[in-house]
Amino acid sequence: MDFDRATNQDAVIDFTDQLLQKEQRDAQELKRFRRELRDVKDTSLWSLLIDLMERDTQKHIAILRFARKHARRRRH
């Protein structure tokens with residue numbers, strides 16, 4: 001994303017915040033799943049899948065925070 005060329009920084013920030021909230025809710029849900037699957041963590045692939053999904057979610061959060069930070073800098 002070219003932050004210097006974005007014409008509506010407020011829209012970028014608002015949308016990024018919405019996506020960030022969804023990713024943070026997903027992270028909480030994945031934590032809950034991990035607790036529920038604690039008993040089978042060494043006997044199934046579910047634990048691995050949850051781990052990969054948590055990493056993906058954290059990656060998305062990092063990307064969105066980066067985008068929001070740079071959009072805010074350009075707005076001022």
# chains A, B, ... in the order shown; residues from 1 in each chain; ligands from 1
call {"tool": "residues_around", "arguments": {"residues": "Val12 of chain A", "least_positions_apart": "5", "cutoff": "9 Å", "atoms": "only C-alpha atoms", "output": "list in words"}}
result
Ala6, Asp17, Ala67, Arg68 and Ala71 of chain A
call {"tool": "write_last_selection", "arguments": {"atoms": "N, CA, C and O atoms", "output": "PDB file, in the first residue's frame"}}
result
ATOM      1  N   ALA A   6      -2.571   7.342  -0.763  1.00  0.00           N
ATOM      2  CA  ALA A   6      -3.935   7.094  -0.269  1.00  0.00           C
ATOM      3  C   ALA A   6      -4.632   8.432  -0.077  1.00  0.00           C
ATOM      4  O   ALA A   6      -4.088   9.357   0.516  1.00  0.00           O
ATOM      5  N   ASP A  17      -8.848  -0.553  11.652  1.00  0.00           N
ATOM      6  CA  ASP A  17      -9.280  -0.791  13.033  1.00  0.00           C
ATOM      7  C   ASP A  17     -10.350  -1.874  13.114  1.00  0.00           C
ATOM      8  O   ASP A  17     -10.321  -2.720  14.015  1.00  0.00           O
ATOM      9  N   ALA A  67       0.016  -1.012   9.068  1.00  0.00           N
ATOM     10  CA  ALA A  67      -0.769  -0.176   8.147  1.00  0.00           C
ATOM     11  C   ALA A  67      -1.413   0.992   8.890  1.00  0.00           C
ATOM     12  O   ALA A  67      -1.381   2.134   8.414  1.00  0.00           O
ATOM     13  N   ARG A  68      -1.980   0.719  10.054  1.00  0.00           N
ATOM     14  CA  ARG A  68      -2.628   1.787  10.832  1.00  0.00           C
ATOM     15  C   ARG A  68      -1.609   2.842  11.252  1.00  0.00           C
ATOM     16  O   ARG A  68      -1.861   4.049  11.146  1.00  0.00           O
ATOM     17  N   ALA A  71      -0.666   4.929   8.215  1.00  0.00           N
ATOM     18  CA  ALA A  71      -1.790   5.763   7.769  1.00  0.00           C
ATOM     19  C   ALA A  71      -1.969   6.947   8.718  1.00  0.00           C
ATOM     20  O   ALA A  71      -2.258   8.065   8.278  1.00  0.00           O
TER      21      ALA A  71
END
call {"tool": "residues_around", "arguments": {"residues": "segment 39-53 of chain A", "least_positions_apart": "6", "cutoff": "9 Å", "atoms": "only C-alpha atoms", "output": "PyMOL selection string"}}
result
chain A and resi 27+30-31+33
call {"tool": "write_last_selection", "arguments": {"atoms": "N, CA, C and O atoms", "output": "PDB file, in the first residue's frame"}}
result
ATOM      1  N   ALA A  27      -8.083 -14.195  17.857  1.00  0.00           N
ATOM      2  CA  ALA A  27      -6.996 -14.637  18.737  1.00  0.00           C
ATOM      3  C   ALA A  27      -7.554 -15.150  20.064  1.00  0.00           C
ATOM      4  O   ALA A  27      -7.097 -16.176  20.581  1.00  0.00           O
ATOM      5  N   LEU A  30      -9.170 -18.540  19.495  1.00  0.00           N
ATOM      6  CA  LEU A  30      -8.170 -19.582  19.343  1.00  0.00           C
ATOM      7  C   LEU A  30      -7.572 -19.983  20.691  1.00  0.00           C
ATOM      8  O   LEU A  30      -7.294 -21.166  20.929  1.00  0.00           O
ATOM      9  N   LYS A  31      -7.406 -19.029  21.591  1.00  0.00           N
ATOM     10  CA  LYS A  31      -6.947 -19.349  22.946  1.00  0.00           C
ATOM     11  C   LYS A  31      -7.944 -20.270  23.637  1.00  0.00           C
ATOM     12  O   LYS A  31      -7.566 -21.219  24.321  1.00  0.00           O
ATOM     13  N   PHE A  33     -10.069 -22.313  22.161  1.00  0.00           N
ATOM     14  CA  PHE A  33      -9.959 -23.627  21.521  1.00  0.00           C
ATOM     15  C   PHE A  33      -8.763 -24.405  22.072  1.00  0.00           C
ATOM     16  O   PHE A  33      -8.841 -25.597  22.334  1.00  0.00           O
TER      17      PHE A  33
END
call {"tool": "atom_distance", "arguments": {"atom1": "atom CA of Asp26 of chain A", "atom2": "atom CA of Ile13 of chain A"}}
result
19.8 Å
call {"tool": "residues_around", "arguments": {"residues": "Leu19 of chain A", "least_positions_apart": "4", "cutoff": "9 Å", "atoms": "only C-alpha atoms", "output": "CSV table (one decimal) with all heavy atoms, in the first residue's frame"}}
result
chain,number,residue,atom,x,y,z
A,14,ASP,N,-10.0,3.6,9.7
A,14,ASP,CA,-11.3,3.0,10.2
A,14,ASP,C,-11.4,1.6,9.8
A,14,ASP,O,-11.7,0.7,10.6
A,14,ASP,CB,-12.5,3.8,9.8
A,14,ASP,CG,-12.6,5.2,10.4
A,14,ASP,OD1,-12.0,5.4,11.5
A,14,ASP,OD2,-13.4,6.0,9.9
A,15,PHE,N,-11.1,1.3,8.6
A,15,PHE,CA,-11.2,-0.1,8.1
A,15,PHE,C,-10.2,-1.0,8.7
A,15,PHE,O,-10.5,-2.1,9.1
A,15,PHE,CB,-11.1,-0.1,6.5
A,15,PHE,CG,-11.4,-1.5,6.0
A,15,PHE,CD1,-12.7,-2.1,6.1
A,15,PHE,CD2,-10.4,-2.1,5.2
A,15,PHE,CE1,-12.9,-3.3,5.6
A,15,PHE,CE2,-10.7,-3.4,4.7
A,15,PHE,CZ,-11.9,-4.0,4.9
A,23,GLU,N,-9.5,-9.6,14.1
A,23,GLU,CA,-8.3,-10.5,14.3
A,23,GLU,C,-8.1,-10.7,15.8
A,23,GLU,O,-7.7,-11.8,16.2
A,23,GLU,CB,-7.1,-9.9,13.7
A,23,GLU,CG,-7.1,-10.0,12.2
A,23,GLU,CD,-7.1,-11.3,11.6
A,23,GLU,OE1,-6.6,-12.3,12.2
A,23,GLU,OE2,-7.4,-11.5,10.4
A,24,GLN,N,-8.3,-9.7,16.6
A,24,GLN,CA,-8.1,-9.8,18.1
A,24,GLN,C,-9.1,-10.7,18.7
A,24,GLN,O,-8.8,-11.5,19.6
A,24,GLN,CB,-8.1,-8.4,18.7
A,24,GLN,CG,-6.8,-7.7,18.4
A,24,GLN,CD,-6.8,-6.2,18.7
A,24,GLN,OE1,-7.9,-5.6,18.8
A,24,GLN,NE2,-5.6,-5.7,18.9
A,61,ILE,N,-2.4,-9.4,12.6
A,61,ILE,CA,-2.4,-8.3,13.6
A,61,ILE,C,-1.2,-7.4,13.4
A,61,ILE,O,-1.3,-6.1,13.3
A,61,ILE,CB,-2.5,-8.8,15.0
A,61,ILE,CG1,-3.9,-9.4,15.3
A,61,ILE,CG2,-2.1,-7.7,16.0
A,61,ILE,CD1,-4.0,-10.1,16.6
A,64,LEU,N,-1.7,-5.3,10.2
A,64,LEU,CA,-2.7,-4.3,10.4
A,64,LEU,C,-2.2,-3.1,11.2
A,64,LEU,O,-2.5,-1.9,11.0
A,64,LEU,CB,-4.0,-4.9,10.9
A,64,LEU,CG,-4.7,-5.8,10.0
A,64,LEU,CD1,-5.8,-6.6,10.7
A,64,LEU,CD2,-5.4,-4.9,8.8
call {"tool": "atom_distance", "arguments": {"atom1": "atom CA of Arg74 of chain A", "atom2": "atom CA of Gln9 of chain A"}}
result
7.2 Å
call {"tool": "select_by_dssp", "arguments": {"residues": "segment 5-63 of chain A", "states": "alpha helix (DSSP H)", "output": "ChimeraX atom specification"}}
result
/A:9-36,46-63
call {"tool": "write_last_selection", "arguments": {"atoms": "N, CA and C atoms", "output": "short mmCIF file (atom, residue, chain, number, x, y, z; two decimals), in the first residue's frame"}}
result
data_model
loop_
_atom_site.label_atom_id
_atom_site.label_comp_id
_atom_site.auth_asym_id
_atom_site.auth_seq_id
_atom_site.Cartn_x
_atom_site.Cartn_y
_atom_site.Cartn_z
N GLN A 9 -7.16 8.90 4.32
CA GLN A 9 -6.47 8.24 5.44
C GLN A 9 -7.45 7.81 6.53
N ASP A 10 -8.47 8.61 6.79
CA ASP A 10 -9.44 8.25 7.83
C ASP A 10 -10.16 6.96 7.50
N ALA A 11 -10.51 6.75 6.24
CA ALA A 11 -11.18 5.51 5.83
C ALA A 11 -10.23 4.33 5.98
N VAL A 12 -8.96 4.52 5.63
CA VAL A 12 -7.97 3.45 5.78
C VAL A 12 -7.84 3.09 7.25
N ILE A 13 -7.75 4.09 8.11
CA ILE A 13 -7.60 3.85 9.54
C ILE A 13 -8.84 3.16 10.11
N ASP A 14 -10.02 3.64 9.73
CA ASP A 14 -11.26 3.03 10.24
C ASP A 14 -11.38 1.57 9.83
N PHE A 15 -11.12 1.29 8.56
CA PHE A 15 -11.24 -0.08 8.07
C PHE A 15 -10.18 -0.98 8.72
N THR A 16 -8.97 -0.45 8.86
CA THR A 16 -7.90 -1.20 9.50
C THR A 16 -8.27 -1.52 10.94
N ASP A 17 -8.85 -0.55 11.65
CA ASP A 17 -9.28 -0.79 13.03
C ASP A 17 -10.35 -1.87 13.11
N GLN A 18 -11.28 -1.87 12.17
CA GLN A 18 -12.31 -2.92 12.14
C GLN A 18 -11.70 -4.30 11.95
N LEU A 19 -10.78 -4.39 11.00
CA LEU A 19 -10.12 -5.67 10.75
C LEU A 19 -9.28 -6.11 11.94
N LEU A 20 -8.63 -5.16 12.57
CA LEU A 20 -7.80 -5.46 13.74
C LEU A 20 -8.66 -6.00 14.88
N GLN A 21 -9.82 -5.42 15.10
CA GLN A 21 -10.72 -5.91 16.14
C GLN A 21 -11.15 -7.35 15.85
N LYS A 22 -11.43 -7.65 14.61
CA LYS A 22 -11.83 -9.02 14.23
C LYS A 22 -10.68 -10.00 14.47
N GLU A 23 -9.49 -9.61 14.11
CA GLU A 23 -8.33 -10.49 14.32
C GLU A 23 -8.09 -10.71 15.82
N GLN A 24 -8.27 -9.68 16.62
CA GLN A 24 -8.07 -9.82 18.06
C GLN A 24 -9.14 -10.73 18.68
N ARG A 25 -10.36 -10.65 18.17
CA ARG A 25 -11.41 -11.58 18.63
C ARG A 25 -11.05 -13.00 18.21
N ASP A 26 -10.54 -13.16 17.00
CA ASP A 26 -10.11 -14.48 16.55
C ASP A 26 -9.02 -15.04 17.45
N ALA A 27 -8.08 -14.19 17.86
CA ALA A 27 -7.00 -14.64 18.74
C ALA A 27 -7.55 -15.15 20.06
N GLN A 28 -8.54 -14.45 20.60
CA GLN A 28 -9.17 -14.89 21.85
C GLN A 28 -9.89 -16.22 21.67
N GLU A 29 -10.57 -16.37 20.57
CA GLU A 29 -11.28 -17.62 20.28
C GLU A 29 -10.29 -18.78 20.13
N LEU A 30 -9.17 -18.54 19.49
CA LEU A 30 -8.17 -19.58 19.34
C LEU A 30 -7.57 -19.98 20.69
N LYS A 31 -7.41 -19.03 21.59
CA LYS A 31 -6.95 -19.35 22.95
C LYS A 31 -7.94 -20.27 23.64
N ARG A 32 -9.22 -19.98 23.46
CA ARG A 32 -10.27 -20.80 24.06
C ARG A 32 -10.22 -22.21 23.47
N PHE A 33 -10.07 -22.31 22.16
CA PHE A 33 -9.96 -23.63 21.52
C PHE A 33 -8.76 -24.40 22.07
N ARG A 34 -7.65 -23.72 22.23
CA ARG A 34 -6.44 -24.38 22.73
C ARG A 34 -6.69 -24.96 24.12
N ARG A 35 -7.36 -24.20 24.98
CA ARG A 35 -7.68 -24.71 26.32
C ARG A 35 -8.58 -25.94 26.24
N GLU A 36 -9.56 -25.89 25.36
CA GLU A 36 -10.48 -27.02 25.22
C GLU A 36 -9.78 -28.27 24.70
N TRP A 46 -5.07 -31.37 15.90
CA TRP A 46 -5.78 -30.14 16.24
C TRP A 46 -4.87 -29.10 16.88
N SER A 47 -4.00 -29.55 17.76
CA SER A 47 -3.09 -28.61 18.42
C SER A 47 -2.18 -27.91 17.41
N LEU A 48 -1.68 -28.69 16.46
CA LEU A 48 -0.84 -28.10 15.40
C LEU A 48 -1.63 -27.10 14.57
N LEU A 49 -2.85 -27.45 14.21
CA LEU A 49 -3.68 -26.54 13.42
C LEU A 49 -3.97 -25.25 14.18
N ILE A 50 -4.28 -25.36 15.45
CA ILE A 50 -4.54 -24.17 16.26
C ILE A 50 -3.27 -23.32 16.34
N ASP A 51 -2.12 -23.96 16.51
CA ASP A 51 -0.85 -23.23 16.55
C ASP A 51 -0.62 -22.44 15.27
N LEU A 52 -0.84 -23.08 14.14
CA LEU A 52 -0.66 -22.40 12.85
C LEU A 52 -1.65 -21.25 12.68
N MET A 53 -2.88 -21.46 13.11
CA MET A 53 -3.89 -20.41 13.01
C MET A 53 -3.54 -19.23 13.93
N GLU A 54 -3.01 -19.53 15.12
CA GLU A 54 -2.59 -18.45 16.02
C GLU A 54 -1.46 -17.64 15.41
N ARG A 55 -0.53 -18.31 14.80
CA ARG A 55 0.59 -17.61 14.16
C ARG A 55 0.09 -16.74 13.00
N ASP A 56 -0.82 -17.27 12.23
CA ASP A 56 -1.41 -16.50 11.13
C ASP A 56 -2.13 -15.26 11.66
N THR A 57 -2.89 -15.45 12.71
CA THR A 57 -3.63 -14.33 13.30
C THR A 57 -2.67 -13.26 13.81
N GLN A 58 -1.59 -13.68 14.48
CA GLN A 58 -0.61 -12.71 14.97
C GLN A 58 0.07 -11.98 13.81
N LYS A 59 0.29 -12.70 12.71
CA LYS A 59 0.87 -12.07 11.52
C LYS A 59 -0.08 -11.01 10.99
N HIS A 60 -1.36 -11.34 10.91
CA HIS A 60 -2.36 -10.37 10.42
C HIS A 60 -2.42 -9.15 11.33
N ILE A 61 -2.38 -9.37 12.63
CA ILE A 61 -2.40 -8.26 13.58
C ILE A 61 -1.19 -7.36 13.36
N ALA A 62 -0.02 -7.94 13.17
CA ALA A 62 1.19 -7.14 12.94
C ALA A 62 1.08 -6.32 11.66
N ILE A 63 0.56 -6.92 10.61
CA ILE A 63 0.39 -6.20 9.34
C ILE A 63 -0.59 -5.04 9.50
#
